[in-house]
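Peer 1: My file is coords-v7.cif. It has mmCIF, C-alpha atoms:
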data_model
loop_
_atom_site.group_PDB
_atom_site.id
_atom_site.type_symbol
_atom_site.label_atom_id
_atom_site.label_comp_id
_atom_site.auth_asym_id
_atom_site.auth_seq_id
_atom_site.Cartn_x
_atom_site.Cartn_y
_atom_site.Cartn_z
ATOM 1 C CA MET A 98 0.000 0.000 0.000
ATOM 2 C CA ARG A 99 2.835 2.345 0.881
ATOM 3 C CA ASP A 100 4.602 1.572 -2.412
ATOM 4 C CA ARG A 101 1.417 2.308 -4.368
ATOM 5 C CA TRP A 102 1.008 5.623 -2.568
ATOM 6 C CA ARG A 103 4.638 6.512 -3.296
ATOM 7 C CA ASP A 104 4.210 5.635 -6.974
ATOM 8 C CA ALA A 105 0.998 7.692 -7.168
ATOM 9 C CA THR A 106 2.602 10.777 -5.596
ATOM 10 C CA ARG A 107 5.639 10.401 -7.844
ATOM 11 C CA LEU A 108 3.364 10.252 -10.894
ATOM 12 C CA LEU A 109 1.539 13.356 -9.647
ATOM 13 C CA ASP A 110 4.876 15.132 -9.206
ATOM 14 C CA HIS A 111 5.892 14.380 -12.797
ATOM 15 C CA LEU A 112 2.466 15.365 -14.148
ATOM 16 C CA GLU A 113 2.625 18.647 -12.243
ATOM 17 C CA GLU A 114 6.063 19.450 -13.649
ATOM 18 C CA ILE A 115 5.048 18.505 -17.199
ATOM 19 C CA ILE A 116 1.963 20.748 -17.065
ATOM 20 C CA ILE A 117 3.957 23.714 -15.764
ATOM 21 C CA ALA A 118 6.820 23.281 -18.262
ATOM 22 C CA THR A 119 4.450 22.752 -21.207
ATOM 23 C CA LEU A 120 2.321 25.791 -20.416
ATOM 24 C CA ILE A 121 5.207 28.191 -19.850
ATOM 25 C CA GLY A 122 7.064 26.862 -22.904
ATOM 26 C CA ALA A 123 4.017 27.126 -25.178
ATOM 27 C CA ALA A 124 3.164 30.607 -23.905
ATOM 28 C CA THR A 125 6.740 31.815 -24.464
ATOM 29 C CA LEU A 126 6.847 30.397 -27.991
ATOM 30 C CA LEU A 127 3.452 31.839 -28.887
ATOM 31 C CA ILE A 128 4.367 35.299 -27.606
ATOM 32 C CA PHE A 129 7.643 35.176 -29.555
ATOM 33 C CA VAL A 130 5.867 34.233 -32.799
ATOM 34 C CA ALA A 131 3.224 36.949 -32.325
ATOM 35 C CA VAL A 132 5.812 39.663 -31.631
ATOM 36 C CA ALA A 133 8.023 38.494 -34.511
ATOM 37 C CA GLN A 134 5.044 38.634 -36.884
ATOM 38 C CA ARG A 135 4.108 42.126 -35.733
ATOM 39 C CA TYR A 136 7.588 43.534 -36.206
ATOM 40 C CA GLY A 137 8.025 41.508 -39.391
ATOM 41 C CA LEU A 138 4.946 43.123 -40.952
ATOM 42 C CA SER A 139 6.231 46.550 -40.000
ATOM 43 C CA GLY A 140 9.660 45.826 -41.497
ATOM 44 C CA VAL A 141 8.262 44.375 -44.733
ATOM 45 C CA ALA A 142 5.950 47.380 -45.135
ATOM 46 C CA SER A 143 8.926 49.733 -44.759
ATOM 47 C CA VAL A 144 10.915 47.850 -47.401
ATOM 48 C CA TYR A 145 7.875 47.882 -49.694
ATOM 49 C CA ARG A 146 7.506 51.663 -49.438
ATOM 50 C CA TRP A 147 11.232 52.152 -50.015
ATOM 51 C CA SER A 148 11.271 49.851 -53.071
ATOM 52 C CA ARG A 149 8.340 51.730 -54.596
ATOM 53 C CA ALA A 150 10.076 55.050 -54.028
ATOM 54 C CA GLU A 151 13.302 53.731 -55.591
ATOM 55 C CA ASP A 152 11.368 52.059 -58.453
ATOM 56 C CA ILE A 153 12.573 48.486 -57.887
ATOM 57 C CA PRO A 154 9.723 46.394 -59.348
ATOM 58 C CA TRP A 155 10.969 42.919 -58.341
ATOM 59 C CA LEU A 156 11.508 43.955 -54.718
ATOM 60 C CA THR A 157 8.151 45.735 -54.628
ATOM 61 C CA GLY A 158 6.335 42.637 -55.838
ATOM 62 C CA PHE A 159 8.216 40.354 -53.480
ATOM 63 C CA THR A 160 7.599 42.467 -50.367
ATOM 64 C CA LYS A 161 3.940 42.900 -51.302
ATOM 65 C CA SER A 162 3.466 39.127 -51.546
ATOM 66 C CA LEU A 163 5.409 38.562 -48.328
ATOM 67 C CA PHE A 164 3.345 41.161 -46.476
ATOM 68 C CA PHE A 165 0.026 39.559 -47.414
ATOM 69 C CA THR A 166 1.421 36.094 -46.595
ATOM 70 C CA LEU A 167 2.397 37.197 -43.087
ATOM 71 C CA ALA A 168 -0.841 39.137 -42.601
ATOM 72 C CA TYR A 169 -2.864 36.076 -43.595
ATOM 73 C CA VAL A 170 -1.714 34.308 -40.418
ATOM 74 C CA ARG A 171 -3.880 36.090 -37.855
ATOM 75 C CA LEU A 172 -2.629 35.888 -34.290
ATOM 76 C CA THR A 173 -5.145 38.208 -32.653
ATOM 77 C CA TRP A 174 -6.050 35.329 -30.339
ATOM 78 C CA ALA A 175 -2.473 34.830 -29.125
ATOM 79 C CA GLN A 176 -2.628 37.329 -26.249
ATOM 80 C CA GLU A 177 -5.803 35.869 -24.787
ATOM 81 C CA LEU A 178 -4.530 32.301 -25.037
ATOM 82 C CA CYS A 179 -1.237 33.264 -23.392
ATOM 83 C CA ILE A 180 -3.101 34.868 -20.496
ATOM 84 C CA PHE A 181 -5.121 31.686 -19.989
ATOM 85 C CA MET A 182 -2.008 29.498 -20.093
ATOM 86 C CA ILE A 183 -0.151 31.722 -17.630
ATOM 87 C CA VAL A 184 -3.118 31.606 -15.226
ATOM 88 C CA TRP A 185 -3.099 27.794 -15.301
ATOM 89 C CA MET A 186 0.682 27.701 -14.981
ATOM 90 C CA ALA A 187 0.592 30.046 -11.969
ATOM 91 C CA LYS A 188 -1.991 27.954 -10.117
ATOM 92 C CA PHE A 189 -0.106 24.692 -10.606
ATOM 93 C CA GLY A 190 3.191 26.490 -10.035
ATOM 94 C CA ALA A 191 1.947 27.599 -6.622
ATOM 95 C CA ALA A 192 1.404 23.956 -5.651
ATOM 96 C CA TYR A 193 4.861 23.109 -6.980
ATOM 97 C CA GLY A 194 6.266 25.908 -4.843
ATOM 98 C CA VAL A 195 4.764 24.401 -1.689
ATOM 99 C CA ARG A 196 6.215 20.984 -2.529
ATOM 100 C CA THR A 197 9.723 22.305 -3.192
ATOM 101 C CA GLY A 198 9.796 25.047 -0.553
ATOM 102 C CA ILE A 199 10.411 27.983 -2.906
ATOM 103 C CA HIS A 200 7.636 30.240 -1.613
ATOM 104 C CA VAL A 201 8.751 33.384 0.174
ATOM 105 C CA GLY A 202 7.832 33.267 3.857
ATOM 106 C CA VAL A 203 8.357 35.347 6.994
ATOM 107 C CA ASP A 204 9.780 32.956 9.591
ATOM 108 C CA ILE A 205 11.473 35.317 12.054
ATOM 109 C CA LEU A 206 9.170 34.271 14.885
ATOM 110 C CA VAL A 207 9.389 30.590 13.990
ATOM 111 C CA GLU A 208 13.183 30.590 13.966
ATOM 112 C CA THR A 209 13.336 32.162 17.425
ATOM 113 C CA LEU A 210 11.417 29.213 18.870
ATOM 114 C CA THR A 211 12.882 25.859 19.774
ATOM 115 C CA GLY A 212 11.708 22.344 20.506
ATOM 116 C CA ASN A 213 8.020 21.514 20.549
ATOM 117 C CA ALA A 214 6.971 25.158 20.298
ATOM 118 C CA LYS A 215 8.747 25.534 16.955
ATOM 119 C CA ARG A 216 7.395 22.194 15.749
ATOM 120 C CA ALA A 217 3.821 23.157 16.676
ATOM 121 C CA MET A 218 4.151 26.573 15.010
ATOM 122 C CA ILE A 219 5.366 25.049 11.734
ATOM 123 C CA VAL A 220 2.600 22.441 11.675
ATOM 124 C CA ALA A 221 -0.005 25.108 12.496
ATOM 125 C CA GLY A 222 1.237 27.277 9.657
ATOM 126 C CA LEU A 223 1.096 24.404 7.171
ATOM 127 C CA LEU A 224 -2.395 23.404 8.287
ATOM 128 C CA ALA A 225 -3.528 27.029 8.031
ATOM 129 C CA GLY A 226 -2.260 27.046 4.435
ATOM 130 C CA ALA A 227 -4.183 23.845 3.744
ATOM 131 C CA LEU A 228 -7.359 25.311 5.250
ATOM 132 C CA PHE A 229 -7.038 28.530 3.244
ATOM 133 C CA THR A 230 -6.449 26.731 -0.057
ATOM 134 C CA VAL A 231 -9.322 24.285 0.446
ATOM 135 C CA ILE A 232 -11.633 27.251 1.082
ATOM 136 C CA ILE A 233 -10.388 28.979 -2.084
ATOM 137 C CA GLY A 234 -10.785 25.737 -4.031
ATOM 138 C CA THR A 235 -14.364 25.270 -2.828
ATOM 139 C CA LEU A 236 -15.294 28.859 -3.657
ATOM 140 C CA GLY A 237 -13.620 28.404 -7.038
ATOM 141 C CA ALA A 238 -15.653 25.254 -7.691
ATOM 142 C CA HIS A 239 -18.867 27.183 -6.977
ATOM 143 C CA LEU A 240 -17.686 29.921 -9.351
ATOM 144 C CA VAL A 241 -16.974 27.387 -12.097
ATOM 145 C CA TRP A 242 -20.422 25.829 -11.620
ATOM 146 C CA HIS A 243 -22.115 29.234 -11.848
ATOM 147 C CA ILE A 244 -20.192 30.310 -14.961
ATOM 148 C CA ALA A 245 -20.864 26.964 -16.664
ATOM 149 C CA ARG A 246 -24.591 27.520 -16.218
ATOM 150 C CA THR A 247 -24.422 30.997 -17.793
ATOM 151 C CA GLY A 248 -22.691 29.729 -20.938
ATOM 152 C CA GLN A 249 -20.176 32.601 -20.867
ATOM 153 C CA THR A 250 -17.354 32.432 -23.428
ATOM 154 C CA SER A 251 -14.108 34.356 -23.899
ATOM 155 C CA ALA A 252 -14.013 37.429 -26.121
ATOM 156 C CA VAL A 253 -11.625 36.216 -28.836
ATOM 157 C CA LEU A 254 -11.248 32.433 -28.674
ATOM 158 C CA GLU A 255 -14.875 31.936 -27.635
ATOM 159 C CA VAL A 256 -13.952 29.047 -25.365
ATOM 160 C CA PRO A 257 -16.196 28.348 -22.344
ATOM 161 C CA MET A 258 -14.999 30.503 -19.483
ATOM 162 C CA TRP A 259 -15.614 27.745 -16.967
ATOM 163 C CA LEU A 260 -12.662 25.913 -18.495
ATOM 164 C CA VAL A 261 -10.452 28.923 -17.776
ATOM 165 C CA TYR A 262 -11.678 29.322 -14.192
ATOM 166 C CA LEU A 263 -11.320 25.582 -13.608
ATOM 167 C CA ALA A 264 -7.684 26.333 -12.818
ATOM 168 C CA VAL A 265 -8.788 27.905 -9.520
ATOM 169 C CA PRO A 266 -10.318 24.816 -7.849
ATOM 170 C CA LEU A 267 -7.873 22.348 -9.399
ATOM 171 C CA GLY A 268 -4.800 24.386 -8.504
ATOM 172 C CA SER A 269 -6.101 25.260 -5.031
ATOM 173 C CA TYR A 270 -6.992 21.661 -4.151
ATOM 174 C CA LEU A 271 -3.594 20.510 -5.397
ATOM 175 C CA MET A 272 -1.957 23.201 -3.285
ATOM 176 C CA CYS A 273 -3.991 22.028 -0.267
ATOM 177 C CA PHE A 274 -2.771 18.479 -0.859
ATOM 178 C CA ARG A 275 0.819 19.730 -0.992
ATOM 179 C CA PHE A 276 0.413 21.585 2.315
ATOM 180 C CA LEU A 277 -0.915 18.420 3.949
ATOM 181 C CA GLU A 278 1.842 16.349 2.359
ATOM 182 C CA VAL A 279 4.553 18.687 3.663
ATOM 183 C CA ALA A 280 2.926 18.831 7.107
ATOM 184 C CA TRP A 281 2.767 15.031 7.337
ATOM 185 C CA HIS A 282 6.382 14.658 6.192
ATOM 186 C CA PHE A 283 7.529 17.258 8.718
ATOM 187 C CA TRP A 284 5.555 15.580 11.505
ATOM 188 C CA LYS A 285 7.172 12.228 10.736
ATOM 189 C CA THR A 286 10.739 13.322 9.982
ATOM 190 C CA GLY A 287 11.113 16.893 11.211
ATOM 191 C CA GLU A 288 12.275 17.995 7.743
ATOM 192 C CA ARG A 289 10.809 20.735 5.594
ATOM 193 C CA PRO A 290 11.324 21.210 1.842
ATOM 194 C CA HIS A 291 14.150 23.618 1.211
ATOM 195 C CA HIS A 292 15.114 25.262 -2.054
ATOM 196 C CA ASP A 293 18.781 25.903 -2.771
ATOM 197 C CA PRO A 294 19.049 28.548 -5.534
ATOM 198 C CA GLY A 295 22.640 27.499 -6.203
ATOM 199 C CA LYS A 296 21.789 23.861 -6.921
ATOM 200 C CA VAL A 297 21.547 22.669 -10.522
ATOM 201 C CA GLU A 298 19.578 19.493 -11.207
ATOM 202 C CA GLY A 299 21.725 16.697 -12.628
ATOM 203 C CA ILE A 300 25.018 18.089 -11.296
ATOM 204 C CA ASP A 301 26.463 16.570 -8.144
ATOM 205 C CA GLN A 302 27.635 19.046 -5.545
ATOM 206 C CA PRO A 303 31.355 18.778 -4.723
ATOM 207 C CA THR A 304 32.358 17.532 -1.306
ATOM 208 C CA PRO A 305 34.373 19.860 0.979
ATOM 209 C CA ALA A 306 37.533 17.883 0.185
ATOM 210 C CA GLU A 307 36.971 18.254 -3.587
ATOM 211 C CA GLY A 308 36.194 21.935 -3.266
ATOM 212 C CA ALA A 309 39.482 22.548 -1.453
ATOM 213 C CA ARG A 310 41.589 21.150 -4.312
#
Give the structure from this file in structure tokens form.
Peer 2:
Amino acid sequence: MRDRWRDATRLLDHLEEIIIATLIGAATLLIFVAVAQRYGLSGVASVYRWSRAEDIPWLTGFTKSLFFTLAYVRLTWAQELCIFMIVWMAKFGAAYGVRTGIHVGVDILVETLTGNAKRAMIVAGLLAGALFTVIIGTLGAHLVWHIARTGQTSAVLEVPMWLVYLAVPLGSYLMCFRFLEVAWHFWKTGERPHHDPGKVEGIDQPTPAEGAR
């Protein structure tokens, strides 16, 4: 049973990372293509006007054809889609941040405590985070249900808005699960997730003896 639970959480970890990486990668690529097209149209139009003024027929015809080819690919929907992808990425990224310990936190009071008092304060903080996120997830689920009944769609893509807002309950419930997971792990082992900004995945850190060479 324990092995199945470990395999399930490991699969969830990989799925979470794949969703985040895919969304941020796709949004970055789409924004790049949209900006490149916009500036490309402006540049081609400038060359077209210059070629007409200098009476260069072959260049005028080529730039005219290129301009209409680029303009045919309409990316007016790119901004809206990127916003939706970033919203989904942020919600799942917040859960990833809880799991890896990269969220910014104020722990001055916690670090001044010792023993059971410190342990109780950390667990209370994690459980408070779980309570807050489950409330947000439940409110988000009610919002999604209400929007689905109205049939509201987005302005450009005309996709159902409940699909966009579905990121709120899914991301919040996942974040709640991560808070509970971290709290349980801390209760059993006394360890909290810690993010080292100097660590690079796939590269072993040198030992003190190796670093002194």
Peer 1: List as an MDAnalysis selection string the protein and nucleic acid residues near segment 231-234 of chain A, meaning an atom at most 10 Å away when all atoms listed in the file are counted, but skip any in the same chain fewer than 3 places from it.
Peer 2: chainID A and resid 225:228 237:240 263:274
Peer 1: Find the residues with any atom within 12 Å of (0.8, 19.7, 1.6); use all atoms listed in the file and the coordinates as given in the file, and write the answer as a CSV table (one decimal) with C-alpha atoms, in the coordinates of the input.
Peer 2:
chain,number,residue,atom,x,y,z
A,106,THR,CA,2.6,10.8,-5.6
A,191,ALA,CA,1.9,27.6,-6.6
A,192,ALA,CA,1.4,24.0,-5.7
A,193,TYR,CA,4.9,23.1,-7.0
A,194,GLY,CA,6.3,25.9,-4.8
A,195,VAL,CA,4.8,24.4,-1.7
A,196,ARG,CA,6.2,21.0,-2.5
A,197,THR,CA,9.7,22.3,-3.2
A,198,GLY,CA,9.8,25.0,-0.6
A,220,VAL,CA,2.6,22.4,11.7
A,222,GLY,CA,1.2,27.3,9.7
A,223,LEU,CA,1.1,24.4,7.2
A,224,LEU,CA,-2.4,23.4,8.3
A,225,ALA,CA,-3.5,27.0,8.0
A,226,GLY,CA,-2.3,27.0,4.4
A,227,ALA,CA,-4.2,23.8,3.7
A,228,LEU,CA,-7.4,25.3,5.2
A,229,PHE,CA,-7.0,28.5,3.2
A,230,THR,CA,-6.4,26.7,-0.1
A,231,VAL,CA,-9.3,24.3,0.4
A,269,SER,CA,-6.1,25.3,-5.0
A,270,TYR,CA,-7.0,21.7,-4.2
A,271,LEU,CA,-3.6,20.5,-5.4
A,272,MET,CA,-2.0,23.2,-3.3
A,273,CYS,CA,-4.0,22.0,-0.3
A,274,PHE,CA,-2.8,18.5,-0.9
A,275,ARG,CA,0.8,19.7,-1.0
A,276,PHE,CA,0.4,21.6,2.3
A,277,LEU,CA,-0.9,18.4,3.9
A,278,GLU,CA,1.8,16.3,2.4
A,279,VAL,CA,4.6,18.7,3.7
A,280,ALA,CA,2.9,18.8,7.1
A,281,TRP,CA,2.8,15.0,7.3
A,282,HIS,CA,6.4,14.7,6.2
A,283,PHE,CA,7.5,17.3,8.7
A,284,TRP,CA,5.6,15.6,11.5
A,289,ARG,CA,10.8,20.7,5.6
A,290,PRO,CA,11.3,21.2,1.8
Peer 1: Could you list, as a PyMOL selection string, every residue within 12 Å of Gln134 of chain A, counting only C-alpha atoms and ignoring same-chain residues fewer than 3 positions away?
Peer 2: chain A and resi 127-131+137-141+163-173+175
Peer 1: Could you list, with a cut-off of 9 Å and counting all atoms listed in the file, the residues of segment 138-222 of chain A near segment 244-258 of chain A, each shown with its nearest atom pair and the distance in Å rounded to one decimal, rows sorted by chain and ascending number, as a tab-separated table?
Peer 2:
residue	atom	partner	partner_atom	distance
A:Thr173	CA	A:Val253	CA	7.8
A:Trp174	CA	A:Val253	CA	5.8
A:Glu177	CA	A:Val253	CA	7.1
A:Leu178	CA	A:Leu254	CA	7.6
Peer 1: Looking at only C-alpha atoms, which of A:Gly158, A:Gly202, A:Gly190, A:Gly287 is the one that sits closest to Ile121 of chain A?
Peer 2: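 The shortest atom-to-atom distance to Ile121 of chain A comes from A:Gly190.
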Peer 1: Using all atoms listed in the file, find the one residue out of A:Trp155, A:Trp185, A:Tyr136, A:Trp147 that sits nearest to Thr119 of chain A.
Peer 2: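 Of A:Trp155, A:Trp185, A:Tyr136, A:Trp147, the one nearest Thr119 of chain A is A:Trp185, counting all atoms listed in the file.
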Peer 1: One number please: atom CA of His243 of chain A to atom CA of Ile117 of chain A, in Å, one decimal.
Peer 2: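 Here the two named atoms are 26.9 Å from each other.
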Peer 1: Please report the interatomic distance between atom CA of Ala124 of chain A and atom CA of Ile183 of chain A in Å with one decimal.
Peer 2: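 Distance between the two atoms: 7.2 Å.
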Peer 1: Just how far from atom CA of Val184 of chain A is atom CA of Ala123 of chain A, in Å to one decimal?
Peer 2: 13.0 Å
Peer 1: Determine the nearest neighbour of Gln176 of chain A from the options A:Ile153, A:Ala214, A:Ala221, A:Leu126, counting all atoms listed in the file.
Peer 2: A:Leu126
Peer 1: Is it possible to produce a file of segment 172-184 of chain A from this structure, with all heavy atoms, as a PDB file, in the first residue's frame?
Peer 2:
ATOM      1  N   LEU A 172      -2.950  36.303 -35.653  1.00  0.00           N
ATOM      2  CA  LEU A 172      -2.629  35.888 -34.290  1.00  0.00           C
ATOM      3  C   LEU A 172      -3.267  36.823 -33.270  1.00  0.00           C
ATOM      4  O   LEU A 172      -2.710  37.065 -32.200  1.00  0.00           O
ATOM      5  CB  LEU A 172      -1.106  35.851 -34.096  1.00  0.00           C
ATOM      6  CG  LEU A 172      -0.346  34.815 -34.929  1.00  0.00           C
ATOM      7  CD1 LEU A 172       1.144  34.958 -34.718  1.00  0.00           C
ATOM      8  CD2 LEU A 172      -0.798  33.400 -34.570  1.00  0.00           C
ATOM      9  N   THR A 173      -4.456  37.319 -33.596  1.00  0.00           N
ATOM     10  CA  THR A 173      -5.145  38.208 -32.653  1.00  0.00           C
ATOM     11  C   THR A 173      -5.572  37.471 -31.388  1.00  0.00           C
ATOM     12  O   THR A 173      -5.835  38.098 -30.357  1.00  0.00           O
ATOM     13  CB  THR A 173      -6.385  38.815 -33.325  1.00  0.00           C
ATOM     14  OG1 THR A 173      -7.213  37.758 -33.847  1.00  0.00           O
ATOM     15  CG2 THR A 173      -5.982  39.736 -34.471  1.00  0.00           C
ATOM     16  N   TRP A 174      -5.640  36.148 -31.480  1.00  0.00           N
ATOM     17  CA  TRP A 174      -6.050  35.329 -30.339  1.00  0.00           C
ATOM     18  C   TRP A 174      -4.884  34.976 -29.427  1.00  0.00           C
ATOM     19  O   TRP A 174      -5.082  34.400 -28.344  1.00  0.00           O
ATOM     20  CB  TRP A 174      -6.676  34.031 -30.854  1.00  0.00           C
ATOM     21  CG  TRP A 174      -5.853  33.363 -31.916  1.00  0.00           C
ATOM     22  CD1 TRP A 174      -5.972  33.523 -33.270  1.00  0.00           C
ATOM     23  CD2 TRP A 174      -4.762  32.456 -31.712  1.00  0.00           C
ATOM     24  NE1 TRP A 174      -5.035  32.769 -33.932  1.00  0.00           N
ATOM     25  CE2 TRP A 174      -4.279  32.101 -32.995  1.00  0.00           C
ATOM     26  CE3 TRP A 174      -4.153  31.910 -30.591  1.00  0.00           C
ATOM     27  CZ2 TRP A 174      -3.206  31.234 -33.166  1.00  0.00           C
ATOM     28  CZ3 TRP A 174      -3.085  31.045 -30.758  1.00  0.00           C
ATOM     29  CH2 TRP A 174      -2.628  30.714 -32.043  1.00  0.00           C
ATOM     30  N   ALA A 175      -3.658  35.288 -29.855  1.00  0.00           N
ATOM     31  CA  ALA A 175      -2.473  34.830 -29.125  1.00  0.00           C
ATOM     32  C   ALA A 175      -2.404  35.411 -27.711  1.00  0.00           C
ATOM     33  O   ALA A 175      -2.081  34.707 -26.753  1.00  0.00           O
ATOM     34  CB  ALA A 175      -1.207  35.188 -29.904  1.00  0.00           C
ATOM     35  N   GLN A 176      -2.726  36.697 -27.564  1.00  0.00           N
ATOM     36  CA  GLN A 176      -2.628  37.329 -26.249  1.00  0.00           C
ATOM     37  C   GLN A 176      -3.596  36.699 -25.249  1.00  0.00           C
ATOM     38  O   GLN A 176      -3.229  36.407 -24.109  1.00  0.00           O
ATOM     39  CB  GLN A 176      -2.899  38.828 -26.365  1.00  0.00           C
ATOM     40  CG  GLN A 176      -2.782  39.561 -25.040  1.00  0.00           C
ATOM     41  CD  GLN A 176      -3.009  41.066 -25.192  1.00  0.00           C
ATOM     42  OE1 GLN A 176      -3.282  41.557 -26.292  1.00  0.00           O
ATOM     43  NE2 GLN A 176      -2.911  41.789 -24.101  1.00  0.00           N
ATOM     44  N   GLU A 177      -4.818  36.462 -25.692  1.00  0.00           N
ATOM     45  CA  GLU A 177      -5.803  35.869 -24.787  1.00  0.00           C
ATOM     46  C   GLU A 177      -5.401  34.456 -24.388  1.00  0.00           C
ATOM     47  O   GLU A 177      -5.494  34.085 -23.207  1.00  0.00           O
ATOM     48  CB  GLU A 177      -7.178  35.852 -25.457  1.00  0.00           C
ATOM     49  CG  GLU A 177      -8.297  35.364 -24.541  1.00  0.00           C
ATOM     50  CD  GLU A 177      -9.660  35.490 -25.208  1.00  0.00           C
ATOM     51  OE1 GLU A 177     -10.034  34.548 -25.943  1.00  0.00           O
ATOM     52  OE2 GLU A 177     -10.335  36.502 -24.995  1.00  0.00           O
ATOM     53  N   LEU A 178      -4.935  33.669 -25.348  1.00  0.00           N
ATOM     54  CA  LEU A 178      -4.530  32.301 -25.037  1.00  0.00           C
ATOM     55  C   LEU A 178      -3.336  32.292 -24.089  1.00  0.00           C
ATOM     56  O   LEU A 178      -3.284  31.467 -23.162  1.00  0.00           O
ATOM     57  CB  LEU A 178      -4.186  31.552 -26.323  1.00  0.00           C
ATOM     58  CG  LEU A 178      -3.733  30.095 -26.142  1.00  0.00           C
ATOM     59  CD1 LEU A 178      -4.797  29.273 -25.429  1.00  0.00           C
ATOM     60  CD2 LEU A 178      -3.389  29.473 -27.489  1.00  0.00           C
ATOM     61  N   CYS A 179      -2.397  33.197 -24.282  1.00  0.00           N
ATOM     62  CA  CYS A 179      -1.237  33.264 -23.392  1.00  0.00           C
ATOM     63  C   CYS A 179      -1.651  33.614 -21.968  1.00  0.00           C
ATOM     64  O   CYS A 179      -1.106  33.071 -21.001  1.00  0.00           O
ATOM     65  CB  CYS A 179      -0.231  34.291 -23.918  1.00  0.00           C
ATOM     66  SG  CYS A 179       0.713  33.732 -25.337  1.00  0.00           S
ATOM     67  N   ILE A 180      -2.610  34.513 -21.829  1.00  0.00           N
ATOM     68  CA  ILE A 180      -3.101  34.868 -20.496  1.00  0.00           C
ATOM     69  C   ILE A 180      -3.707  33.650 -19.812  1.00  0.00           C
ATOM     70  O   ILE A 180      -3.440  33.383 -18.634  1.00  0.00           O
ATOM     71  CB  ILE A 180      -4.124  36.010 -20.585  1.00  0.00           C
ATOM     72  CG1 ILE A 180      -3.433  37.303 -21.024  1.00  0.00           C
ATOM     73  CG2 ILE A 180      -4.827  36.216 -19.248  1.00  0.00           C
ATOM     74  CD1 ILE A 180      -4.387  38.447 -21.281  1.00  0.00           C
ATOM     75  N   PHE A 181      -4.500  32.884 -20.560  1.00  0.00           N
ATOM     76  CA  PHE A 181      -5.121  31.686 -19.989  1.00  0.00           C
ATOM     77  C   PHE A 181      -4.060  30.662 -19.572  1.00  0.00           C
ATOM     78  O   PHE A 181      -4.149  30.060 -18.497  1.00  0.00           O
ATOM     79  CB  PHE A 181      -6.093  31.057 -20.986  1.00  0.00           C
ATOM     80  CG  PHE A 181      -7.283  31.911 -21.308  1.00  0.00           C
ATOM     81  CD1 PHE A 181      -8.049  31.666 -22.443  1.00  0.00           C
ATOM     82  CD2 PHE A 181      -7.649  32.965 -20.478  1.00  0.00           C
ATOM     83  CE1 PHE A 181      -9.155  32.452 -22.731  1.00  0.00           C
ATOM     84  CE2 PHE A 181      -8.760  33.753 -20.761  1.00  0.00           C
ATOM     85  CZ  PHE A 181      -9.506  33.496 -21.895  1.00  0.00           C
ATOM     86  N   MET A 182      -3.053  30.468 -20.414  1.00  0.00           N
ATOM     87  CA  MET A 182      -2.008  29.498 -20.093  1.00  0.00           C
ATOM     88  C   MET A 182      -1.189  29.934 -18.884  1.00  0.00           C
ATOM     89  O   MET A 182      -0.811  29.103 -18.042  1.00  0.00           O
ATOM     90  CB  MET A 182      -1.102  29.285 -21.311  1.00  0.00           C
ATOM     91  CG  MET A 182      -1.752  28.485 -22.419  1.00  0.00           C
ATOM     92  SD  MET A 182      -0.585  27.913 -23.693  1.00  0.00           S
ATOM     93  CE  MET A 182      -0.125  29.483 -24.437  1.00  0.00           C
ATOM     94  N   ILE A 183      -0.920  31.219 -18.767  1.00  0.00           N
ATOM     95  CA  ILE A 183      -0.151  31.722 -17.630  1.00  0.00           C
ATOM     96  C   ILE A 183      -0.952  31.582 -16.338  1.00  0.00           C
ATOM     97  O   ILE A 183      -0.398  31.281 -15.273  1.00  0.00           O
ATOM     98  CB  ILE A 183       0.274  33.181 -17.876  1.00  0.00           C
ATOM     99  CG1 ILE A 183       1.337  33.224 -18.989  1.00  0.00           C
ATOM    100  CG2 ILE A 183       0.815  33.824 -16.605  1.00  0.00           C
ATOM    101  CD1 ILE A 183       1.706  34.620 -19.427  1.00  0.00           C
ATOM    102  N   VAL A 184      -2.274  31.794 -16.414  1.00  0.00           N
ATOM    103  CA  VAL A 184      -3.118  31.606 -15.226  1.00  0.00           C
ATOM    104  C   VAL A 184      -3.046  30.160 -14.747  1.00  0.00           C
ATOM    105  O   VAL A 184      -2.854  29.886 -13.561  1.00  0.00           O
ATOM    106  CB  VAL A 184      -4.573  32.009 -15.542  1.00  0.00           C
ATOM    107  CG1 VAL A 184      -5.504  31.557 -14.430  1.00  0.00           C
ATOM    108  CG2 VAL A 184      -4.677  33.515 -15.714  1.00  0.00           C
TER     109      VAL A 184
END
